[in-house]
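Note sheet for the following structure.
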Amino acid sequence: MSVADIVIVGSGFAGLGMGIRLKKAGITDFVVLERAADLGGTWRDNVYPGCACDIPSLLYSFSFEPNDEWSRAYPSQPEIWAYLRRCAKKYGLEPHIRYNAEVVEARYDEAAARWHVTTSEGATYSSRVLVSGMGGLSNPYVAELPGGASFPGPQFHSATWDHSVNLAGKDVAVIGTGASAIQFVPQIAPIVGKLRLYQRTPPWISPRFDGPVSARERLLRRRLPGYAWAQRKLLYWSHEARALGFVVNPGLLRLLEKLATKFLEHQVRDPALREKLRPNYRLGCKRVLLSNDYYPSLSRPNVEVVTDPISRVEGGDIVTVDGTRRHADVIIYGTGFRVQDGLGPVQVVGEGGRTLEDAWRNGMEAFLGVSVAGFPNFFTIVGPNTGLGHNSMVYMIESQINYIMSALGYLKRRRARAIDVRADVQASFNRELQKRTRHTVWSTGCRSWYLDRNGKNTALWPGFTFEFRRKTKRIDPRRYRFYGAKAARR
């Protein structure tokens with residue numbers, strides 16, 4: 001058994017950011033467990049054609065490690081992945097990372113006040129503190145189509161793209177119209193023989209104001225740090241203003257709906273296709289997507305948008321409920337991720353043998369998305385209700401890391417063995433949070449991955465990000481229980 005003071009699970013923005021903050025605070029007794037053979041999380045895994053971020057590059061970096069070399073206004077997957085690798089190297093995280101270490105169980109030992117973490121290879125780690133850096137976009141969701149398992153050709157999810165499959169001239173079926181499909185469909189449409197896009201709900205799409213960053217602009221950012229800082233602040237507040245429509249008054253989004261509708265009408269000339277692509281729900285209820293080439297790609301003569309639900313797969317045909325059969329050589333799933341499955345296949349067992357799965361049986365919840373009652377010294381980054389629909393998740397990740405560092409500081413000052421949020425505090429916080437979600441755009445009637453099977457928003461923060469930053473600046477010890485605290489309360 002390996003022993004460390006802190007175990008971090010995952011090496012994406014959350015896990016690496018946590019490790020860097022520990023190193024900057026002089027804390028070196030920690031390990032990062034990564035299930036893959038390299039770091040990077042979702043930006044390592046998603047290598048489908050056209051993969052990029054829909055948040056401006058200047059906002060998509062740690063505040064303490066700005067990147068002055070972004071080549072475009074919106075960063076691509078290779079650039080983001082390279083940025084994360086540079087951060088890990090610069091801050092000396094590589095010796096702390098254990099690769100091919102997929103966590104399958106984490107069990108709290110109450111007598112020892114330690115977490116025992118087990119990997120799929122049978123290795124075990126014992127730690128005082130456990131931090132989950134497993135984001136919601138880590139476990140792909142593949143739609144279970146009747147007969148799909150017997151499909152004779154290749155089939156894969158966008159997050160596990162099979163580059164060995166040659167799509168040239170093939171009949172390709174794309175299932176789903178989420179953020180990934182919006183990006184890879186325009187890339188593959190020109191090379192395939194026939195592309196059939198099976199759409200359940202059309203997304204709202206806005207123009208993507210992307211473009212290369214000039215050498216002069218990059219030079220200014222390097223030479224004048226205040227210049228890049230001002231740009232970042234301007235972008236932050238322009239995105240934050242969207243929350244006025246998302247969480248304060250959804251009626252304010254009507255103007256954006258009109259602009260997005262004009263964009264659709266400008267890019268799609270065929271009236272029948274345009275109606276298939278016209279959303280019938282409030283903008284923002286589902287994730288708003290950015291693209292300049294998605295609509296034009298659907299107007300190509302070799303592309304068909306299918307809106308009839310799929311009934312089954314028979315041999316090499318996909319059959320819709322109206323009985324129409326359409327041949328496919330390849331099936332690609334753009335069906336998103338298992339966001340509502342919490343930590344996915346990882347079994348987390350807290351006090352009294354209670355599992356996190358049981359604690360979240362009626363929907364995921366935590367205090368500030370970080371602490372879960374009954375699971376001492378366990379913290380989650382990108383936990384329940386910390387996702388965003390309008391700004392950069394890196395900002396939220398840093399806020400949660402600040403909060404965890406504050407909790408670790410209290411543990412040390414009080415010489416306590418463990419810290420656990422009070423159950424009544426967590427319950428009160430989530431009652432108020434769910435009350436707030438009822439007035440947001442995400443509760444205006446559409447189906448989305450933001451909501452669990454009971455219609456409860458367990459994914460997004462129903463407020464402004466600066467409000468979340470203020471709430472997570474430091475812990476309030478009155479909201480927590482301390483175990484074995486010897487020092488005076490302060």
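Ligands are numbered from 1 in the order shown, residues from 1 within each chain, and chains are lettered A, B, ... in the order they appear in the structure tokens.
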Q.
Quick one: residues within 9 Å of range 116-126 of chain A, only C-alpha atoms, excluding same-chain residues fewer than 2 positions away - as a PyMOL selection string?
A. chain A and resi 1-7+33+35+100-109+114+128+130
Q. How many Å separate CA of Ile80 in chain A from CA of Arg469 in chain A?
A. 23.8 Å
Q: Write out as a PyMOL selection string all residues of range 195-307 of chain A that DSSP puts in strand (DSSP E) for this structure's backbone.
A: chain A and resi 195-198+205-206+289-290+303-306
Using C-alpha atoms, can you export the residues from the last selection as a PDB file, in the first residue's frame?
ATOM      1  CA  LEU A 195     -23.905  11.619 -44.059  1.00  0.00           C
ATOM      2  CA  ARG A 196     -27.192  11.131 -42.248  1.00  0.00           C
ATOM      3  CA  LEU A 197     -27.546  13.205 -39.101  1.00  0.00           C
ATOM      4  CA  TYR A 198     -30.130  11.789 -36.691  1.00  0.00           C
ATOM      5  CA  ILE A 205     -26.453  28.087 -32.743  1.00  0.00           C
ATOM      6  CA  SER A 206     -24.707  31.443 -32.705  1.00  0.00           C
ATOM      7  CA  LEU A 289     -23.439  26.195 -29.539  1.00  0.00           C
ATOM      8  CA  LEU A 290     -21.061  28.262 -31.644  1.00  0.00           C
ATOM      9  CA  VAL A 303     -26.102  15.306 -46.132  1.00  0.00           C
ATOM     10  CA  GLU A 304     -29.551  14.405 -44.821  1.00  0.00           C
ATOM     11  CA  VAL A 305     -31.030  15.527 -41.495  1.00  0.00           C
ATOM     12  CA  VAL A 306     -33.319  12.832 -40.090  1.00  0.00           C
TER      13      VAL A 306
END
(Q) Give me the residues near Ala427 in chain A as a ChimeraX atom specification, where near means some atom within 10 Å (using only C-alpha atoms) and where sequence neighbours in that chain fewer than 3 positions away do not count. (A) /A:365-367,373,422-424,430-433
Only C-alpha atoms, please: the residues just picked out, written as a short mmCIF file (atom, residue, chain, number, x, y, z; two decimals), in the first residue's frame.
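Once written, again-v9.cif looks like this:
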data_model
loop_
_atom_site.label_atom_id
_atom_site.label_comp_id
_atom_site.auth_asym_id
_atom_site.auth_seq_id
_atom_site.Cartn_x
_atom_site.Cartn_y
_atom_site.Cartn_z
CA GLU A 365 -25.92 17.43 -4.25
CA ALA A 366 -23.07 18.87 -2.23
CA PHE A 367 -22.31 22.01 -0.27
CA ALA A 373 -22.05 15.34 4.19
CA ARG A 422 -22.95 19.38 8.46
CA ALA A 423 -25.88 17.53 6.88
CA ASP A 424 -28.35 20.29 7.81
CA ASN A 430 -29.48 22.79 -1.74
CA ARG A 431 -33.06 23.72 -0.93
CA GLU A 432 -32.22 27.34 -1.62
CA LEU A 433 -30.19 26.41 -4.70
#
